[in-house]
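In what follows, a single structure is set out as structure tokens and then discussed.
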Amino acid sequence: MSLRSTSWLAIDGDRRLGAVARAGYLAGNALRNALSRDPAGLALERFPDARAPTGDVSPSPSRLFCERHLASMGLAGFAATAGGLRMHEMGCGSGRAGRLASVAAGAPIRYRGFDVARRAAWDEPMPGATMAVFDGEDFAGTIAPDDNFFFSQSAAEHIPGDLAYFEAVARACARAPGPTLQVHYLPSAACLRLYLFHGLRQYPAGALGRIAALQAPDAHSVAVALGGPACAAVHWRWITLPMIRRRPDRRAADPVAYARELAAAIAADAAAPPGKAMFWAFVVRRGFPAHPTQEDDR
């Protein structure tokens, strides 16, 4: 298995770490993220619309942004152009993203998900869905010749050789006779402070440049900033700090105040530079042009 990675640091934050390794994880990732530079040639954009949650629903800022962004991707138009949506998800968990994509596409889709462990939700998949346990060694072997929508949600940071995954997907897209779409949701450098010991790495803009360099010459890559410093501050106060203090998550205690603070943070971050992302949507289109954002609230 190739261990080519976007990071030189190989400490896995998902494992039980001693004091020295924990200090090395935080210091090493902080240094790597600080030294990263914006890559030349990679477009950076800011997601223009992510309204705050309403009612008693209190998603984390990153979850809110990712799900709103996925709904805005024009999947119905892509499915019509590509002759159907055939989705491949690495790190699928319960398969929730497949259901969200089907709603956004407005029609049934074919969905194939892969993860390192079986989930109980796999026993009742949505129509057209299959899930399988994958050991992380042969990414290309998981890809069907007609897969056209490649997706990952907060999964790449857990893959030791993440470049092997992105390269396998890029090669499959380059060979595809029809249009392809990639959407990868990745933690930015800001997430080191927010999630602490989580996965192997974060994705500063320089790391995204290495992934963009793998794509076919006729593919268009863009890094879309989801949230910014204000939303990161909300996550820190409501989620991370209580966790550090071993106290309950504050969102459940006062969802109305949380939604109010998140709404103010979203408005404040609308003017933040794209490089100051809280989270990233890394999008690669081939044979399918970019389109105006169309929020789908279904």
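Please note that chains go A, B, ... in the order of the structure tokens, that every chain numbers its residues from 1, and that ligands are numbered from 1 in the order shown.
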Next item on the list: Find the residues around Gly91 (chain A) up to 6 Å (only C-alpha atoms counted), leave out those fewer than 6 positions away in its own chain, and share them as a PyMOL selection string.
Entry: chain A and resi 114-115+155
Next, dump the selected residues to file, keeping only N, CA, C and O atoms, as a PDB file, in the first residue's frame.
```pdb
ATOM      1  N   PHE A 114     -17.988   2.724   1.238  1.00  0.00           N
ATOM      2  CA  PHE A 114     -16.919   1.879   1.779  1.00  0.00           C
ATOM      3  C   PHE A 114     -16.437   2.471   3.104  1.00  0.00           C
ATOM      4  O   PHE A 114     -16.280   3.682   3.231  1.00  0.00           O
ATOM      5  N   ASP A 115     -16.196   1.580   4.068  1.00  0.00           N
ATOM      6  CA  ASP A 115     -15.678   2.028   5.359  1.00  0.00           C
ATOM      7  C   ASP A 115     -14.893   0.890   6.001  1.00  0.00           C
ATOM      8  O   ASP A 115     -14.978  -0.267   5.562  1.00  0.00           O
ATOM      9  N   ALA A 155     -13.324  12.186   5.900  1.00  0.00           N
ATOM     10  CA  ALA A 155     -12.744  10.839   5.864  1.00  0.00           C
ATOM     11  C   ALA A 155     -11.261  10.850   5.530  1.00  0.00           C
ATOM     12  O   ALA A 155     -10.495  10.041   6.053  1.00  0.00           O
TER      13      ALA A 155
END
```
Next item on the list: Do a neighbour search on Ile244 (chain A) at 12 Å with only C-alpha atoms, toss out local chain neighbours closer than 6 positions, and write the hits as an MDAnalysis selection string.
Entry: chainID A and resid 193:197 236:238
Would you save the residues of that selection, restricted to N, CA and C atoms, as a compact mmCIF listing (two decimals), in the first residue's frame?
```
# COMPACT_ATOMS: atom_id res chain seq x y z
N ARG A 193 -7.25 23.12 16.39
CA ARG A 193 -7.68 23.65 17.69
C ARG A 193 -9.09 23.18 18.05
N LEU A 194 -9.93 22.99 17.05
CA LEU A 194 -11.33 22.65 17.32
C LEU A 194 -11.53 21.18 17.64
N TYR A 195 -10.80 20.29 16.92
CA TYR A 195 -11.00 18.85 17.09
C TYR A 195 -9.86 18.19 17.86
N LEU A 196 -8.74 18.91 18.03
CA LEU A 196 -7.60 18.42 18.78
C LEU A 196 -7.12 17.08 18.21
N PHE A 197 -7.19 16.00 18.96
CA PHE A 197 -6.62 14.72 18.51
C PHE A 197 -7.64 13.99 17.65
N TRP A 236 -15.58 26.46 19.12
CA TRP A 236 -14.71 26.37 20.29
C TRP A 236 -15.50 26.58 21.58
N ARG A 237 -16.33 27.62 21.64
CA ARG A 237 -17.03 27.94 22.87
C ARG A 237 -18.11 26.92 23.23
N TRP A 238 -18.81 26.43 22.21
CA TRP A 238 -19.98 25.58 22.47
C TRP A 238 -19.66 24.09 22.47
```
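What separates CA of Ile143 (chain A) from CA of Arg285 (chain A) is a distance of 17.5 Å.
Within 12 Å of Arg210 (chain A), once only C-alpha atoms are used and residues closer than 6 positions along the same chain are dropped, the contacting residues are Arg4, Ser5, Thr6, Ser7, Ser36, Arg37, Asp38, Pro39, Ala40, Gly41, Leu42, Asp162, Leu163, Ala164, Phe166, Glu167, Tyr203, Pro204, Ser221 and Phe282 of chain A.
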Same residues, all heavy atoms, saved as a short mmCIF file (atom, residue, chain, number, x, y, z; two decimals), in the first residue's frame:
```
data_model
loop_
_atom_site.label_atom_id
_atom_site.label_comp_id
_atom_site.auth_asym_id
_atom_site.auth_seq_id
_atom_site.Cartn_x
_atom_site.Cartn_y
_atom_site.Cartn_z
N ARG A 4 1.85 7.53 0.44
CA ARG A 4 2.03 8.91 0.01
C ARG A 4 0.95 9.77 0.65
O ARG A 4 -0.23 9.49 0.54
CB ARG A 4 1.97 9.00 -1.51
CG ARG A 4 3.12 8.32 -2.22
CD ARG A 4 2.95 8.40 -3.74
NE ARG A 4 2.85 9.78 -4.18
CZ ARG A 4 1.89 10.24 -4.96
NH1 ARG A 4 0.93 9.45 -5.38
NH2 ARG A 4 1.88 11.51 -5.33
N SER A 5 1.39 10.81 1.32
CA SER A 5 0.48 11.61 2.11
C SER A 5 0.70 13.09 1.84
O SER A 5 1.78 13.50 1.41
CB SER A 5 0.70 11.32 3.61
OG SER A 5 0.01 12.24 4.41
N THR A 6 -0.31 13.88 2.11
CA THR A 6 -0.18 15.33 2.02
C THR A 6 0.56 15.90 3.23
O THR A 6 0.81 17.11 3.28
CB THR A 6 -1.56 15.99 1.91
OG1 THR A 6 -2.39 15.52 2.97
CG2 THR A 6 -2.22 15.68 0.57
N SER A 7 0.91 15.05 4.20
CA SER A 7 1.60 15.52 5.40
C SER A 7 2.81 14.64 5.70
O SER A 7 2.78 13.43 5.49
CB SER A 7 0.66 15.50 6.61
OG SER A 7 1.34 15.82 7.80
N SER A 36 2.47 26.06 5.61
CA SER A 36 1.79 25.86 4.32
C SER A 36 1.49 27.20 3.66
O SER A 36 1.15 28.18 4.33
CB SER A 36 0.49 25.09 4.53
OG SER A 36 -0.22 24.94 3.33
N ARG A 37 1.63 27.24 2.37
CA ARG A 37 1.36 28.45 1.59
C ARG A 37 0.25 28.18 0.58
O ARG A 37 0.13 27.06 0.07
CB ARG A 37 2.62 28.93 0.87
CG ARG A 37 3.74 29.36 1.82
CD ARG A 37 3.35 30.64 2.55
NE ARG A 37 4.39 31.09 3.45
CZ ARG A 37 4.44 30.79 4.75
NH1 ARG A 37 3.50 30.01 5.29
NH2 ARG A 37 5.41 31.25 5.51
N ASP A 38 -0.54 29.21 0.27
CA ASP A 38 -1.59 29.05 -0.74
C ASP A 38 -0.98 28.62 -2.05
O ASP A 38 0.01 29.22 -2.51
CB ASP A 38 -2.36 30.35 -0.93
CG ASP A 38 -3.23 30.68 0.28
OD1 ASP A 38 -3.33 29.84 1.19
OD2 ASP A 38 -3.82 31.78 0.29
N PRO A 39 -1.51 27.59 -2.68
CA PRO A 39 -0.93 27.08 -3.93
C PRO A 39 -1.27 27.98 -5.12
O PRO A 39 -2.37 28.53 -5.21
CB PRO A 39 -1.59 25.72 -4.09
CG PRO A 39 -2.91 25.87 -3.41
CD PRO A 39 -2.68 26.81 -2.26
N ALA A 40 -0.32 28.11 -6.00
CA ALA A 40 -0.57 28.86 -7.23
C ALA A 40 -1.48 28.05 -8.14
O ALA A 40 -1.33 26.85 -8.28
CB ALA A 40 0.75 29.16 -7.93
N GLY A 41 -2.44 28.71 -8.73
CA GLY A 41 -3.28 28.07 -9.72
C GLY A 41 -4.53 27.40 -9.18
O GLY A 41 -5.37 26.97 -9.97
N LEU A 42 -4.68 27.28 -7.87
CA LEU A 42 -5.89 26.68 -7.32
C LEU A 42 -6.85 27.80 -6.90
O LEU A 42 -6.51 28.65 -6.08
CB LEU A 42 -5.57 25.81 -6.10
CG LEU A 42 -6.78 25.21 -5.37
CD1 LEU A 42 -7.58 24.30 -6.30
CD2 LEU A 42 -6.35 24.45 -4.12
N ASP A 162 -3.32 9.33 2.08
CA ASP A 162 -4.46 10.01 1.47
C ASP A 162 -4.23 10.33 0.00
O ASP A 162 -5.17 10.33 -0.80
CB ASP A 162 -4.84 11.27 2.25
CG ASP A 162 -3.73 12.31 2.32
OD1 ASP A 162 -2.55 11.94 2.18
OD2 ASP A 162 -4.04 13.50 2.52
N LEU A 163 -2.98 10.58 -0.40
CA LEU A 163 -2.73 10.86 -1.82
C LEU A 163 -3.02 9.65 -2.70
O LEU A 163 -3.38 9.80 -3.87
CB LEU A 163 -1.29 11.34 -2.03
CG LEU A 163 -1.01 12.79 -1.65
CD1 LEU A 163 0.47 13.12 -1.82
CD2 LEU A 163 -1.86 13.75 -2.49
N ALA A 164 -2.87 8.44 -2.15
CA ALA A 164 -3.21 7.25 -2.92
C ALA A 164 -4.70 7.22 -3.24
O ALA A 164 -5.12 6.83 -4.34
CB ALA A 164 -2.80 6.00 -2.15
N PHE A 166 -6.78 9.97 -3.37
CA PHE A 166 -7.10 11.04 -4.32
C PHE A 166 -6.56 10.74 -5.72
O PHE A 166 -7.19 11.10 -6.72
CB PHE A 166 -6.54 12.37 -3.80
CG PHE A 166 -7.28 12.91 -2.61
CD1 PHE A 166 -6.64 13.04 -1.38
CD2 PHE A 166 -8.61 13.27 -2.70
CE1 PHE A 166 -7.32 13.54 -0.27
CE2 PHE A 166 -9.30 13.77 -1.60
CZ PHE A 166 -8.65 13.90 -0.38
N GLU A 167 -5.42 10.08 -5.79
CA GLU A 167 -4.86 9.74 -7.10
C GLU A 167 -5.71 8.69 -7.81
O GLU A 167 -5.95 8.78 -9.02
CB GLU A 167 -3.43 9.23 -6.94
CG GLU A 167 -2.74 8.94 -8.27
CD GLU A 167 -1.27 8.60 -8.08
OE1 GLU A 167 -0.95 7.85 -7.14
OE2 GLU A 167 -0.45 9.10 -8.87
N TYR A 203 -6.02 20.07 6.55
CA TYR A 203 -5.74 20.41 5.16
C TYR A 203 -5.62 21.92 4.99
O TYR A 203 -6.59 22.61 4.65
CB TYR A 203 -6.84 19.84 4.25
CG TYR A 203 -6.72 18.34 4.11
CD1 TYR A 203 -7.29 17.50 5.06
CD2 TYR A 203 -5.99 17.77 3.09
CE1 TYR A 203 -7.15 16.12 4.97
CE2 TYR A 203 -5.85 16.40 2.98
CZ TYR A 203 -6.42 15.58 3.92
OH TYR A 203 -6.27 14.21 3.83
N PRO A 204 -4.43 22.46 5.22
CA PRO A 204 -4.18 23.85 4.83
C PRO A 204 -4.23 23.94 3.30
O PRO A 204 -4.19 22.91 2.60
CB PRO A 204 -2.77 24.12 5.36
CG PRO A 204 -2.14 22.77 5.44
CD PRO A 204 -3.23 21.80 5.77
N SER A 221 -10.55 22.39 -10.64
CA SER A 221 -10.56 22.23 -9.18
C SER A 221 -10.78 23.58 -8.50
O SER A 221 -10.27 24.60 -8.95
CB SER A 221 -9.22 21.66 -8.70
OG SER A 221 -8.95 20.41 -9.30
N PHE A 282 -13.62 20.64 -1.24
CA PHE A 282 -12.71 20.56 -2.39
C PHE A 282 -13.49 19.92 -3.52
O PHE A 282 -13.91 18.77 -3.43
CB PHE A 282 -11.46 19.74 -2.05
CG PHE A 282 -10.47 19.68 -3.17
CD1 PHE A 282 -9.67 20.78 -3.47
CD2 PHE A 282 -10.33 18.54 -3.94
CE1 PHE A 282 -8.75 20.74 -4.51
CE2 PHE A 282 -9.42 18.48 -4.97
CZ PHE A 282 -8.63 19.58 -5.26
#
```
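Note that CA of Ala80 (chain A) and CA of Phe65 (chain A) are 25.2 Å apart.
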Checklist line | Given only C-alpha atoms as the counted atoms, nearest of A:Gly77, A:Gly141, A:Pro255, A:Gly227 to Arg51 (chain A) | finding: A:Gly227
Next item on the list: Would you kindly return, as a list in words, each protein, DNA or RNA residue with an atom no farther than 9 Å from any atom of Phe279 (chain A), considering only C-alpha atoms and excluding same-chain residues fewer than 3 positions away?
Entry: Ser62, Phe65, Cys66, Tyr185, Leu186, Pro187, Ser188, Ala189, Ala190, Cys191, Tyr203, Val224, Ala225, Leu226, Gly227 and Gly228 of chain A
Next item on the list: Could you tell me how far CA of Pro108 (chain A) lies from CA of Ala172 (chain A), in Å and to one decimal?
Entry: 22.9 Å
Next item on the list: Using DSSP on the backbone coordinates, identify the residues of region 175-259 of chain A assigned to strand (DSSP E or B); present them as a PyMOL selection string.
Entry: chain A and resi 180-187+220-226
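Every residue of region 41-85 of chain A with a DSSP assignment of alpha helix (DSSP H), taken from the backbone, is listed as Pro61, Ser62, Arg63, Leu64, Phe65, Cys66, Glu67, Arg68, His69, Leu70, Ala71, Leu75, Ala76, Gly77, Phe78, Ala79, Ala80, Thr81 and Ala82 of chain A.
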May I have the residues from that selection written out with C-alpha atoms, as a PDB file, in the first residue's frame?
```pdb
ATOM      1  CA  PRO A  61     -20.993  24.522  12.162  1.00  0.00           C
ATOM      2  CA  SER A  62     -19.058  22.160   9.874  1.00  0.00           C
ATOM      3  CA  ARG A  63     -21.982  19.759   9.497  1.00  0.00           C
ATOM      4  CA  LEU A  64     -24.358  22.622   8.705  1.00  0.00           C
ATOM      5  CA  PHE A  65     -22.016  24.019   6.057  1.00  0.00           C
ATOM      6  CA  CYS A  66     -21.231  20.659   4.450  1.00  0.00           C
ATOM      7  CA  GLU A  67     -24.849  19.608   4.119  1.00  0.00           C
ATOM      8  CA  ARG A  68     -25.936  23.016   2.795  1.00  0.00           C
ATOM      9  CA  HIS A  69     -23.070  22.988   0.312  1.00  0.00           C
ATOM     10  CA  LEU A  70     -23.898  19.480  -0.929  1.00  0.00           C
ATOM     11  CA  ALA A  71     -27.517  20.550  -1.468  1.00  0.00           C
ATOM     12  CA  LEU A  75     -26.787  17.291  -8.526  1.00  0.00           C
ATOM     13  CA  ALA A  76     -30.068  17.142 -10.438  1.00  0.00           C
ATOM     14  CA  GLY A  77     -28.453  18.888 -13.409  1.00  0.00           C
ATOM     15  CA  PHE A  78     -25.361  16.726 -13.161  1.00  0.00           C
ATOM     16  CA  ALA A  79     -27.458  13.541 -13.074  1.00  0.00           C
ATOM     17  CA  ALA A  80     -29.396  14.663 -16.154  1.00  0.00           C
ATOM     18  CA  THR A  81     -26.172  15.413 -18.037  1.00  0.00           C
ATOM     19  CA  ALA A  82     -24.370  12.250 -16.921  1.00  0.00           C
TER      20      ALA A  82
END
```
Checklist line | Among the residues A:Glu45, A:Ala290, A:Ser154, A:Ala10, the one that comes closest to Ala272 (chain A) [using only C-alpha atoms] | finding: A:Glu45
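The list of residues with at least one atom within 10 Å of Ser60 (chain A), based on only C-alpha atoms and without residues fewer than 4 positions apart in the same chain, reads Pro53, Leu64, Phe65, Cys231, Val234, His235, Trp238, Ile239, Arg251, Tyr258 and Leu262 of chain A.
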